[in-house]
>>> print(open('model-v5.txt').read())   # compact mmCIF, C-alpha atoms
# COMPACT_ATOMS: atom_id res chain seq x y z
CA MET A 23 0.00 0.00 0.00
CA SER A 24 1.21 3.49 -0.73
CA ASP A 25 0.82 6.45 1.59
CA PHE A 26 -2.00 7.79 -0.57
CA LEU A 27 -3.81 9.53 2.29
CA LYS A 28 -0.72 11.22 3.72
CA HIS A 29 -1.19 15.02 3.68
CA GLN A 30 -4.96 14.71 3.34
CA PHE A 31 -7.76 15.95 5.53
CA LEU A 32 -10.16 13.48 7.11
CA LEU A 33 -13.58 15.02 7.60
CA ALA A 34 -15.83 13.19 10.05
CA MET A 35 -19.04 12.24 8.30
CA PRO A 36 -22.34 13.02 10.07
CA ALA A 37 -22.59 9.33 11.09
CA LEU A 38 -19.77 10.05 13.60
CA THR A 39 -21.83 12.75 15.35
CA GLY A 40 -21.79 12.05 19.07
CA SER A 41 -18.54 10.07 18.87
CA TYR A 42 -15.10 11.33 19.87
CA PHE A 43 -14.37 12.36 16.29
CA GLY A 44 -17.77 13.92 15.58
CA ALA A 45 -17.54 17.24 13.66
CA SER A 46 -13.76 16.97 13.45
CA ILE A 47 -11.18 17.63 10.76
CA THR A 48 -7.92 15.70 11.02
CA TYR A 49 -4.71 16.34 9.11
CA LEU A 50 -3.02 13.04 8.21
CA CYS A 51 0.71 13.38 8.86
CA GLU A 52 1.51 9.76 8.05
CA HIS A 53 -0.26 6.83 6.39
CA ASN A 54 1.54 3.61 5.48
CA ASP A 55 1.36 -0.17 5.86
CA ASP A 56 1.63 0.15 9.64
CA GLY A 57 -1.34 2.50 9.99
CA ALA A 58 -1.94 6.24 10.14
CA LEU A 59 -1.19 9.21 12.39
CA GLY A 60 -3.10 12.45 12.29
CA LEU A 61 -3.84 15.59 14.28
CA MET A 62 -7.28 17.08 14.76
CA ILE A 63 -6.99 20.74 13.83
CA ASN A 64 -10.31 22.23 14.90
CA ARG A 65 -10.58 21.59 18.64
CA PRO A 66 -8.88 24.20 20.82
CA LEU A 67 -8.62 23.11 24.43
CA ALA A 68 -11.04 25.18 26.49
CA ASP A 69 -9.31 27.83 28.59
CA VAL A 70 -5.82 26.40 28.02
CA ALA A 71 -3.20 28.61 26.42
CA LEU A 72 0.33 27.77 25.37
CA GLY A 73 1.75 29.83 28.24
CA GLU A 74 0.41 27.24 30.70
CA LEU A 75 2.42 24.54 28.94
CA PHE A 76 5.51 26.76 28.99
CA ASP A 77 5.05 27.20 32.74
CA GLN A 78 4.59 23.45 33.35
CA LEU A 79 7.78 22.70 31.41
CA ASP A 80 9.76 25.61 32.93
CA ILE A 81 10.22 27.18 29.50
CA GLU A 82 11.08 30.85 29.66
CA GLY A 83 9.89 33.34 27.09
CA THR A 84 7.12 35.83 26.52
CA HIS A 85 6.12 35.05 22.93
CA HIS A 86 2.90 33.24 21.95
CA ARG A 87 1.79 32.67 25.56
CA ASP A 88 -1.84 33.32 24.55
CA ALA A 89 -1.79 30.95 21.56
CA PRO A 90 -4.38 28.18 21.86
CA MET A 91 -3.47 24.55 22.31
CA LEU A 92 -5.49 21.96 20.43
CA GLU A 93 -6.80 18.52 21.20
CA GLY A 94 -4.87 16.48 18.64
CA GLY A 95 -6.52 13.16 19.38
CA PRO A 96 -7.10 10.46 21.98
CA VAL A 97 -3.67 8.78 21.80
CA GLN A 98 -0.73 9.86 24.02
CA ARG A 99 -2.58 12.81 25.51
CA ASP A 100 0.44 13.50 27.70
CA ARG A 101 2.60 14.42 24.67
CA GLY A 102 2.73 17.52 22.55
CA PHE A 103 2.89 17.55 18.76
CA VAL A 104 3.76 20.74 16.89
CA LEU A 105 2.58 20.98 13.28
CA HIS A 106 4.46 23.90 11.77
CA SER A 107 5.89 25.69 8.77
CA ARG A 108 9.33 24.56 7.63
CA ASP A 109 11.04 27.93 8.09
CA VAL A 110 12.51 26.59 11.36
CA LEU A 111 13.49 22.92 11.65
CA PHE A 112 15.02 20.77 14.36
CA GLU A 113 16.95 17.52 14.26
CA SER A 114 13.80 15.67 15.31
CA SER A 115 11.51 17.39 12.77
CA LEU A 116 9.62 15.14 10.37
CA ILE A 117 9.37 16.88 6.99
CA LEU A 118 5.83 16.83 5.63
CA ASN A 119 4.28 18.10 2.41
CA ASP A 120 3.26 21.67 1.47
CA GLY A 121 6.07 23.33 3.40
CA MET A 122 5.10 21.79 6.73
CA ALA A 123 6.85 19.72 9.38
CA LEU A 124 5.96 17.87 12.58
CA THR A 125 8.15 18.18 15.69
CA THR A 126 7.65 16.65 19.12
CA ALA A 127 10.85 17.82 20.85
CA ARG A 128 10.74 20.28 23.75
CA GLU A 129 13.23 22.49 21.90
CA ILE A 130 10.57 23.70 19.46
CA LEU A 131 8.44 24.94 22.38
CA ALA A 132 11.44 26.80 23.80
CA ALA A 133 12.06 28.39 20.39
CA ILE A 134 8.39 29.41 20.09
CA ALA A 135 8.45 30.96 23.58
CA ALA A 136 11.65 32.86 22.74
CA GLY A 137 10.21 34.18 19.48
CA ASP A 138 12.65 32.07 17.43
CA GLY A 139 10.18 29.37 16.40
CA PRO A 140 8.40 28.74 13.12
CA GLU A 141 6.21 31.48 11.70
CA ARG A 142 3.13 29.23 11.58
CA PHE A 143 2.38 26.48 14.08
CA LEU A 144 -0.28 24.52 15.93
CA VAL A 145 0.49 22.85 19.25
CA CYS A 146 -1.62 19.72 19.72
CA VAL A 147 -1.95 17.48 22.75
CA GLY A 148 -2.25 13.84 21.73
CA TYR A 149 -2.83 12.46 18.27
CA ALA A 150 -5.28 10.33 16.31
CA GLY A 151 -3.91 6.93 15.38
CA TRP A 152 -5.11 3.96 13.38
CA GLY A 153 -3.59 0.49 13.19
CA ALA A 154 -2.80 -1.32 9.95
CA GLY A 155 -5.94 -1.41 7.79
CA GLN A 156 -8.12 0.32 10.40
CA LEU A 157 -8.48 3.64 8.58
CA GLU A 158 -9.18 1.88 5.29
CA SER A 159 -11.96 -0.08 7.01
CA GLU A 160 -13.45 3.12 8.46
CA LEU A 161 -13.33 4.74 5.02
CA ALA A 162 -15.14 1.73 3.55
CA ASP A 163 -17.79 2.18 6.27
CA ASN A 164 -18.27 5.80 5.14
CA ALA A 165 -17.05 7.26 8.46
CA TRP A 166 -14.72 9.75 6.77
CA LEU A 167 -14.54 11.96 3.74
CA THR A 168 -11.07 12.81 2.44
CA CYS A 169 -9.76 15.82 0.56
CA ALA A 170 -6.43 17.47 -0.16
CA ALA A 171 -4.97 19.32 2.81
CA ASP A 172 -4.57 23.07 2.58
CA PRO A 173 -2.07 24.87 4.86
CA GLU A 174 -4.29 27.97 4.80
CA ILE A 175 -7.07 25.98 6.46
CA ILE A 176 -4.60 24.53 8.98
CA PHE A 177 -2.96 27.79 9.99
CA SER A 178 -5.22 30.69 8.98
CA THR A 179 -8.87 29.63 9.05
CA PRO A 180 -10.85 30.10 12.29
CA PHE A 181 -11.27 26.74 14.09
CA SER A 182 -15.07 26.79 13.77
CA GLU A 183 -14.86 27.19 9.97
CA ARG A 184 -12.22 24.55 9.17
CA VAL A 185 -14.55 21.61 8.49
CA ASP A 186 -16.81 23.64 6.21
CA ARG A 187 -13.87 25.21 4.34
CA ALA A 188 -12.33 21.78 3.70
CA ALA A 189 -15.68 20.34 2.58
CA ALA A 190 -16.06 23.30 0.21
CA ILE A 191 -12.88 22.13 -1.56
CA LEU A 192 -14.99 19.15 -2.65
CA GLY A 193 -18.05 21.29 -3.35
CA ILE A 194 -19.90 19.81 -0.36
CA ASP A 195 -22.06 21.51 2.27
CA PHE A 196 -22.08 19.29 5.38
CA ARG A 197 -25.34 20.85 6.54
CA LEU A 198 -27.03 19.08 3.62
CA ILE A 199 -25.59 15.62 4.29
CA SER A 200 -27.64 13.10 6.23
CA GLY A 201 -26.13 10.83 8.84
CA GLU A 202 -28.15 7.96 7.38
CA ALA A 203 -27.17 5.94 4.34
CA GLY A 204 -29.49 4.27 1.86
CA HIS A 205 -33.02 4.93 0.68
CA ALA A 206 -36.24 5.53 2.57
>>> encode(input="model-v5.txt", output="structure tokens")
Amino acid sequence: MSDFLKHQFLLAMPALTGSYFGASITYLCEHNDDGALGLMINRPLADVALGELFDQLDIEGTHHRDAPMLEGGPVQRDRGFVLHSRDVLFESSLILNDGMALTTAREILAAIAAGDGPERFLVCVGYAGWGAGQLESELADNAWLTCAADPEIIFSTPFSERVDRAAAILGIDFRLISGEAGHA
């Protein structure tokens, strides 16, 4: 299998409403024979700013303290994942498509706090993960809709508009899609 869904958005179909992933948009960082790893990009953590993480980790710096942190997914919720532009890279950075990278090292947080970090970034807590064949099975069950990822949606679109903007790439209005499949 190729990594054909890498650098795609996963849009939760209405059938997932009420589940953990309901109304979510996930950016797929990796998809291969072993499974998939993605970050939800539309769920800011309520009342939690990046400055609180800096304080917990004893990171000094005054920059971006008010930036939101996002719920990246249900796996490893004690770890941070930074999806960012490639203008600043670290030894541990994983190069992604469309001028983006993924870094999990503490050093990126220190750089962000010092004002020396990447120009564009999202800090996510946890990630969404699928085992081998699991995502393909969910796609076959019509749980997800996929479309090409767009860095402007990731970094510049308000959180509440990200799902609709991504669906619009496909010419779809989610308000018109039923959660039920089949005919009446």
>>> residues_around(input="model-v5.txt", residues="A:Phe31", least_positions_apart="5", cutoff="6 Å", atoms="only C-alpha atoms", output="VMD selection string")
chain A and resid 48 to 49 168 to 169 171
>>> closest_atom_pairs(input="model-v5.txt", of="stretch 165-195 of chain A", to="stretch 100-111 of chain A", cutoff="10 Å", atoms="only C-alpha atoms", output="JSON lines")
{"residue": "A:Pro173", "atom": "CA", "partner": "A:Ser107", "partner_atom": "CA", "distance": 8.9}
{"residue": "A:Ile176", "atom": "CA", "partner": "A:Leu105", "partner_atom": "CA", "distance": 9.1}
{"residue": "A:Phe177", "atom": "CA", "partner": "A:His106", "partner_atom": "CA", "distance": 8.6}
>>> residues_around(input="model-v5.txt", residues="A:Leu33", least_positions_apart="3", cutoff="8 Å", atoms="all atoms listed in the file", output="NGL selection string")
:A and (45-48 or 166-168 or 185 or 188-189)
>>> closest_residue(input="model-v5.txt", among="A:Gly155, A:Gly193, A:Gly137, A:Gly95", to="A:Leu61", atoms="all atoms listed in the file")
A:Gly95
>>> closest_residue(input="model-v5.txt", among="A:Asp77, A:Asp88, A:Glu93, A:Asp163", to="A:Asn64", atoms="only C-alpha atoms")
A:Glu93
>>> residues_around(input="model-v5.txt", residues="A:Tyr149", least_positions_apart="6", cutoff="7 Å", atoms="all atoms listed in the file", output="list in words")
Leu59, Gly60, Leu61, Gly94, Gly95, Pro96, Val97 and Gln98 of chain A
>>> atom_distance(input="model-v5.txt", atom1="atom CA of A:Glu129", atom2="atom CA of A:Leu50")
23.3 Å
>>> residues_around(input="model-v5.txt", residues="A:Leu92", least_positions_apart="2", cutoff="6 Å", atoms="all atoms listed in the file", output="list in words")
Arg65, Pro66, Leu67, Gly94 and Cys146 of chain A
>>> write_last_selection(input="model-v5.txt", atoms="C-alpha atoms", output="short mmCIF file (atom, residue, chain, number, x, y, z; two decimals), in the frame of the given file")
data_model
loop_
_atom_site.label_atom_id
_atom_site.label_comp_id
_atom_site.auth_asym_id
_atom_site.auth_seq_id
_atom_site.Cartn_x
_atom_site.Cartn_y
_atom_site.Cartn_z
CA ARG A 65 -10.58 21.59 18.64
CA PRO A 66 -8.88 24.20 20.82
CA LEU A 67 -8.62 23.11 24.43
CA GLY A 94 -4.87 16.48 18.64
CA CYS A 146 -1.62 19.72 19.72
#
>>> atom_distance(input="model-v5.txt", atom1="atom CA of A:Ala123", atom2="atom CA of A:Pro90")
18.8 Å
>>> closest_residue(input="model-v5.txt", among="A:Arg142, A:His86, A:Lys28, A:Arg128", to="A:Gly57", atoms="all atoms listed in the file")
A:Lys28
>>> residues_around(input="model-v5.txt", residues="A:Gly44", least_positions_apart="4", cutoff="10 Å", atoms="all atoms listed in the file", output="ChimeraX atom specification")
/A:33-40,165
>>> atom_distance(input="model-v5.txt", atom1="atom CA of A:Leu79", atom2="atom CA of A:Ala133")
13.1 Å
>>> residues_near_point(input="model-v5.txt", point="(-2.8, 0.3, 10.5)", cutoff="10 Å", atoms="only C-alpha atoms", output="PyMOL selection string")
chain A and resi 53-59+151-159
>>> closest_residue(input="model-v5.txt", among="A:Asp172, A:Ala150, A:Phe143, A:Ala132", to="A:Asp80", atoms="only C-alpha atoms")
A:Ala132
>>> closest_residue(input="model-v5.txt", among="A:Ala127, A:Val147, A:Leu27, A:Ile134", to="A:Phe76", atoms="only C-alpha atoms")
A:Ile134
>>> closest_residue(input="model-v5.txt", among="A:Leu116, A:Leu72, A:Ile81, A:Ile175", to="A:Val145", atoms="all atoms listed in the file")
A:Leu72
>>> build_atoms(input="model-v5.txt", residues="stretch 170-181 of chain A", atoms="N, CA and C atoms", output="JSON list (two decimals), in the frame of the given file")
[["chain", "number", "residue", "atom", "x", "y", "z"],
["A", 170, "ALA", "N", -7.80, 16.95, -0.23],
["A", 170, "ALA", "CA", -6.43, 17.47, -0.16],
["A", 170, "ALA", "C", -6.31, 18.47, 0.98],
["A", 171, "ALA", "N", -5.22, 18.38, 1.72],
["A", 171, "ALA", "CA", -4.97, 19.32, 2.81],
["A", 171, "ALA", "C", -4.56, 20.67, 2.25],
["A", 172, "ASP", "N", -4.90, 21.70, 2.97],
["A", 172, "ASP", "CA", -4.57, 23.07, 2.58],
["A", 172, "ASP", "C", -3.97, 23.78, 3.80],
["A", 173, "PRO", "N", -2.69, 24.18, 3.72],
["A", 173, "PRO", "CA", -2.07, 24.87, 4.86],
["A", 173, "PRO", "C", -2.83, 26.12, 5.31],
["A", 174, "GLU", "N", -3.53, 26.78, 4.40],
["A", 174, "GLU", "CA", -4.29, 27.97, 4.80],
["A", 174, "GLU", "C", -5.42, 27.60, 5.75],
["A", 175, "ILE", "N", -6.03, 26.44, 5.53],
["A", 175, "ILE", "CA", -7.07, 25.98, 6.46],
["A", 175, "ILE", "C", -6.43, 25.61, 7.79],
["A", 176, "ILE", "N", -5.29, 24.96, 7.76],
["A", 176, "ILE", "CA", -4.60, 24.53, 8.98],
["A", 176, "ILE", "C", -4.18, 25.71, 9.84],
["A", 177, "PHE", "N", -3.58, 26.72, 9.21],
["A", 177, "PHE", "CA", -2.96, 27.79, 9.99],
["A", 177, "PHE", "C", -3.71, 29.11, 10.03],
["A", 178, "SER", "N", -4.62, 29.35, 9.08],
["A", 178, "SER", "CA", -5.22, 30.69, 8.98],
["A", 178, "SER", "C", -6.73, 30.75, 9.12],
["A", 179, "THR", "N", -7.41, 29.64, 8.99],
["A", 179, "THR", "CA", -8.87, 29.63, 9.05],
["A", 179, "THR", "C", -9.33, 29.49, 10.50],
["A", 180, "PRO", "N", -10.33, 30.26, 10.93],
["A", 180, "PRO", "CA", -10.85, 30.10, 12.29],
["A", 180, "PRO", "C", -11.26, 28.64, 12.54],
["A", 181, "PHE", "N", -11.01, 28.15, 13.76],
["A", 181, "PHE", "CA", -11.27, 26.74, 14.09],
["A", 181, "PHE", "C", -12.68, 26.31, 13.71]]
